[in-house]
Structure formats: C-alpha cells, structure tokens
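Participant: Please see the structure below; I have some questions.
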Amino acid sequence: MREVGCPEEDLFSFLSSKRREDLGYRNILSSMCTPPHPVAARAHAIFLETNLGDPGLFPGTAALEDLLVRRLGALMHHADAGGYATSGGTESNIQALRIAKRQKSVKSPNIVIPASSHFSFTKACDILGLEMRTVPLDAGFRMDTEAVDGLVDNDTIAIVGVVGTTEYGVVDPIARLSEIALDRDVFLHVDAAFGGMVVPFLDSPVPFDFSLPGVSSISVDPHKMGMSTIPAGCLLTRNPEWFACLNVDTPYLTVKRECTLAGTRPGASVAAAVAVLEYLGMDGMRAVVAGCMENTRRLIEGMETLGYPRAVTPDVNVATFSCDRAPPGWRVSTTRNGHMRIVCMPHVTRDVVERFLIDMGDIDA
C-alpha cells in the first residue's frame, strides 16, 4: 500500500487502463455472463452497502431475497420452495450436496453425475469427502440414463443432472432421472445454473423442475441469463425445512442461526436480480431468450455454410463447432473435445454474429 494516497484522476486513469485490457464485451463470445441490464445496474447501486450475512440489519434487502426465491420458485413450478441467494452455481451445488449428505448417513457416500457436469462438483466432492461416479454421455452429449441405475447403490446420496451443459448447451433427461431417483429413493439435484433462466422461456420447454416429483433441488443463476450483476445465484429446494440441517449458531448476529455457506453476502446483486425479473416479467424474458436462440440458429447456419459443422444441436443458446481457430480479436473457448464453443448471450447481437461470420470467412480468403 502507498504511503500517500493516489490522486483520484491518476487512480481512475489506472483503473480505466486495466478495464481496456478486458476487451469490449461485444467481442467476448464464450462467456455465460453478460453486461447487466440497466435496471440491474441501477438497483445494485442503491444497495451497495447491504449485507445479507446479517439480514436483521437490512430487513428490506432480506425481503427482496425472499421475493427472489418466490419468483424463481414459481418459475420452477413450486412457489413455496425453500431457498436463498448464493454466489452462483458452485456454492449452490456444494450446498445441495451438503443437504443430500446430511439426509442420508452412510459410511462411504457417493454421487452419480454426468461426464458433462461442471467442475464445481469436483470441488464439492473434495470438500465433502464424496466418491464421484461419472456417467458417460450419449452421442448428443447428454447423460446416458441407461448407465445411471447400475452406478447407484445404497451409499449413493445424490444423482445430478444438468440443464444447459456448460460446454454443449444440452439438457440431460431429467424426467428419466426423476423416475430413477424416486425408484431408488435418492436425492436428485438439478444443476440449472445456466439453463434455468432459458428453458422455461422456450416455445416448447422440456420438464426439468419441481413439476417432476423426483427433483429435490435446483441451482439457477440470475447473473447469467437473468442479466443481474455478479454474483447472483440461487439454490432452491423442494422442502424448505431441509436447510435447517445446515444451520450453525451465529450468536453475535441479529439472526441466531444461519444455513448459508458464505458469511458476508452482498445484497446489491440480489436487488439487481429482482429488479430485472420485475421489470421484464415473463413476456420480457421470453423475448430476450427468443432473441438469443434466433442468434444461435443464425450462427450455426452461417458457420455450417462456411464449412464448420455443429458438434450437436443445442437445447439452449450455446453453439459448438468442428473448428480449431478463431479470427484475431475474438474471444472464444474450446471444449475438452476440441470444439469451438460460443455462447449467444444478450450482448452477442445479430450484428455481432454477422461480423464474426464475416471475419471467419476471411480466415481462408
């Protein structure tokens, strides 16, 4: 730290230079986050100092968290779901598995997850001492449910399915997983961190949520397709009382017991998430998702015209291609199988897609 503070003009000149290094968001094609909606940014600024780690000090912000849980619970067909605002899918997934482990006391607990699962489950298994049993994927990069039943045993505390996989944007057969979970009496967690704010707004959504009786918990991230500020995730459970098994004493706070993983929790991003949902409503969210899906289809069409076939037809706005290079100035990622991966978030507009396709065409010109 400096002995003497930095002048404000010099400080913000330095910060601006670092921000320029981030490159314009319009050229970032592999992010599952997007610039927040203007109402999210405005709401965030109003709640900058609020801390949901001690909700009794900020009752208005705590009420917004309750409203967020109700709104997302209703979207997942269970308005009375339990839940709280997390920092994102990683925390939500860890907490879901903590609940599952507390509900089933076994000597050697294991979880059954698809090979496409997010790396947060590796972290969760390390923290919680769980064996990870990985289910192979079918030709469409979805969990092969035929292999699930053989991996579940008396020590299995949870099965995990993904809605909107990080790499290929597909939805696992959650309805079938629900049947298996009910038949084997196993906790079923649905990682819908990305797809949870996409699939409900599609023209023909596939069932994946609490409408399926075997689904126990769902993670969903408003800071992704919900266009909130970062961090804003949410963990929802079928039974609100399940969170009690995670409670620890917090004697010096206004609330004497807490179930959350983090202590200090920002209220600003929760307010931002609520603001977007309230402002846009169901019709507004459908319009956003429809635009992203249309741009995804246009991107796939254009890439295939250029000779780069899709790796799979996605269920959400993630497109992957048999292509090993991108034009200079564009930021894309690659799947573990070597496919170019692009996420058509709201900032990836039709104009952005067309510019990218032009530049892709110039590579071989």
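As shown in the structure tokens, the chain order sets the letters A, B, ...; within each chain, residues go from 1, and ligands are also counted from 1 in the order they appear.
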Could you name the residues that touch segment 242-245 of chain A at 7 Å or less, counting only C-alpha atoms, but leaving out those on the same chain fewer than 2 positions away, as a ChimeraX atom specification?
Facilitator: /A:99,102,239-240,247,259
Participant: I need the residues from that last selection saved to file as a PDB file, in the first residue's frame (with N, CA and C atoms), if you can.
Facilitator:
```
ATOM      1  N   ILE A  99     -26.736 -30.849   1.835  1.00  0.00           N
ATOM      2  CA  ILE A  99     -28.072 -31.241   2.297  1.00  0.00           C
ATOM      3  C   ILE A  99     -28.298 -32.726   2.036  1.00  0.00           C
ATOM      4  N   ARG A 102     -26.403 -34.862   4.514  1.00  0.00           N
ATOM      5  CA  ARG A 102     -26.982 -34.838   5.864  1.00  0.00           C
ATOM      6  C   ARG A 102     -28.240 -35.696   5.949  1.00  0.00           C
ATOM      7  N   ASN A 239     -38.277 -28.984  -0.216  1.00  0.00           N
ATOM      8  CA  ASN A 239     -38.715 -28.847   1.169  1.00  0.00           C
ATOM      9  C   ASN A 239     -37.905 -27.747   1.847  1.00  0.00           C
ATOM     10  N   PRO A 240     -38.539 -26.631   2.227  1.00  0.00           N
ATOM     11  CA  PRO A 240     -37.798 -25.538   2.870  1.00  0.00           C
ATOM     12  C   PRO A 240     -37.105 -25.954   4.163  1.00  0.00           C
ATOM     13  N   ASN A 247     -27.772 -25.478   9.516  1.00  0.00           N
ATOM     14  CA  ASN A 247     -27.682 -24.340  10.421  1.00  0.00           C
ATOM     15  C   ASN A 247     -26.485 -24.435  11.372  1.00  0.00           C
ATOM     16  N   CYS A 259     -27.865 -20.923   7.727  1.00  0.00           N
ATOM     17  CA  CYS A 259     -27.611 -22.139   6.941  1.00  0.00           C
ATOM     18  C   CYS A 259     -26.691 -21.892   5.760  1.00  0.00           C
TER      19      CYS A 259
END
```
Participant: Neighbouring residues of Ala100 of chain A were defined as those with any atom within 8 Å, considering only C-alpha atoms; residues of the same chain fewer than 4 positions away were excluded. Please report them as a count of residues only.
Facilitator: 5
Participant: Suppose you want the space between atom CA of Ser105 of chain A and atom CA of Thr145 of chain A; what is it in Å?
Facilitator: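 Between these atoms lies a distance of 25.3 Å.
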Participant: Find the nearest atom pair between each residue of segment 309-359 of chain A and segment 299-304 of chain A for residues within 8 Å, count only C-alpha atoms, give distances in Å to one decimal, sort rows by chain and ascending number, and present the table as a tab-separated table.
Facilitator:
```
residue	atom	partner	partner_atom	distance
A:Pro309	CA	A:Glu304	CA	4.8
A:Arg310	CA	A:Ile300	CA	6.6
A:Ala319	CA	A:Ile300	CA	6.9
A:Phe321	CA	A:Met303	CA	7.8
A:Val353	CA	A:Leu299	CA	6.2
A:Glu354	CA	A:Leu299	CA	8.0
A:Leu357	CA	A:Gly302	CA	6.5
```
Participant: Skip segment 272-280 of chain A itself and residues of its chain fewer than 3 positions away, then list as a ChimeraX atom specification all residues within 9 Å of it, counting only C-alpha atoms.
Facilitator: /A:36-45,47,64-65,67-68,71,222-223,226-229,232,267-269,283-285
Participant: Could you pull out all residues of segment 258-321 of chain A with a DSSP call of strand (DSSP E or B) and give them as a list in words?
Facilitator: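 Selecting the strand (DSSP E or B) positions of segment 258-321 of chain A gives Glu258, Pro266, Arg310, Val318, Ala319, Thr320 and Phe321 of chain A.
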Participant: May I have the selected residues written with N, CA, C and O atoms, as an mmCIF file, in the first residue's frame?
Facilitator:
```
data_model
loop_
_atom_site.group_PDB
_atom_site.id
_atom_site.type_symbol
_atom_site.label_atom_id
_atom_site.label_comp_id
_atom_site.auth_asym_id
_atom_site.auth_seq_id
_atom_site.Cartn_x
_atom_site.Cartn_y
_atom_site.Cartn_z
ATOM 1 N N GLU A 258 -27.719 -19.629 11.031
ATOM 2 C CA GLU A 258 -27.582 -19.404 9.593
ATOM 3 C C GLU A 258 -27.261 -20.720 8.895
ATOM 4 O O GLU A 258 -26.457 -21.515 9.385
ATOM 5 N N PRO A 266 -23.498 -10.250 -0.430
ATOM 6 C CA PRO A 266 -23.941 -8.957 -0.968
ATOM 7 C C PRO A 266 -25.438 -8.925 -1.224
ATOM 8 O O PRO A 266 -26.005 -9.843 -1.820
ATOM 9 N N ARG A 310 -21.774 -28.055 -36.923
ATOM 10 C CA ARG A 310 -22.065 -28.041 -35.489
ATOM 11 C C ARG A 310 -21.663 -29.377 -34.875
ATOM 12 O O ARG A 310 -21.744 -30.432 -35.518
ATOM 13 N N VAL A 318 -26.069 -22.106 -26.659
ATOM 14 C CA VAL A 318 -24.643 -22.440 -26.715
ATOM 15 C C VAL A 318 -24.420 -23.193 -28.019
ATOM 16 O O VAL A 318 -25.126 -24.163 -28.303
ATOM 17 N N ALA A 319 -23.442 -22.766 -28.815
ATOM 18 C CA ALA A 319 -23.184 -23.411 -30.099
ATOM 19 C C ALA A 319 -21.740 -23.903 -30.151
ATOM 20 O O ALA A 319 -20.818 -23.207 -29.708
ATOM 21 N N THR A 320 -21.550 -25.107 -30.679
ATOM 22 C CA THR A 320 -20.217 -25.700 -30.753
ATOM 23 C C THR A 320 -19.959 -26.198 -32.171
ATOM 24 O O THR A 320 -20.870 -26.693 -32.839
ATOM 25 N N PHE A 321 -18.694 -26.079 -32.589
ATOM 26 C CA PHE A 321 -18.366 -26.363 -33.984
ATOM 27 C C PHE A 321 -17.051 -27.124 -34.111
ATOM 28 O O PHE A 321 -16.156 -26.989 -33.267
#
```
Participant: Which neighbours of Thr156 of chain A fall inside 6 Å, counting only C-alpha atoms, when residues of the same chain fewer than 6 positions from it are skipped, and could you give them as a list in words?
Facilitator: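 Listed by chain and then number, they are Pro109, Asn110 and Ile111 of chain A.
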Participant: Residues of segment 103-180 of chain A that approach segment 340-352 of chain A to 9 Å or less, counting only C-alpha atoms: could you list each one with the shortest pair of atoms and its distance in Å to one decimal, rows by chain and increasing residue number, as a Markdown table?
Facilitator:
```
| residue | atom | partner | partner_atom | distance |
| --- | --- | --- | --- | --- |
| A:Glu167 | CA | A:Arg341 | CA | 6.9 |
| A:Tyr168 | CA | A:Arg341 | CA | 7.6 |
| A:Gly169 | CA | A:Val343 | CA | 8.6 |
```
Participant: Please write the residues from the selection above to a file, keeping C-alpha atoms, as an mmCIF file, in the first residue's frame.
Facilitator:
```cif
data_model
loop_
_atom_site.group_PDB
_atom_site.id
_atom_site.type_symbol
_atom_site.label_atom_id
_atom_site.label_comp_id
_atom_site.auth_asym_id
_atom_site.auth_seq_id
_atom_site.Cartn_x
_atom_site.Cartn_y
_atom_site.Cartn_z
ATOM 1 C CA GLU A 167 -19.778 -26.998 -22.912
ATOM 2 C CA TYR A 168 -22.548 -28.057 -25.313
ATOM 3 C CA GLY A 169 -25.736 -26.361 -24.115
#
```
Participant: Nearest to Val186 of chain A among A:Ser116, A:Thr166, A:Asn154, A:Thr305, with distances taken over only C-alpha atoms: which residue is it?
Facilitator: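 With only C-alpha atoms as the atom set, the closest residue is A:Asn154.
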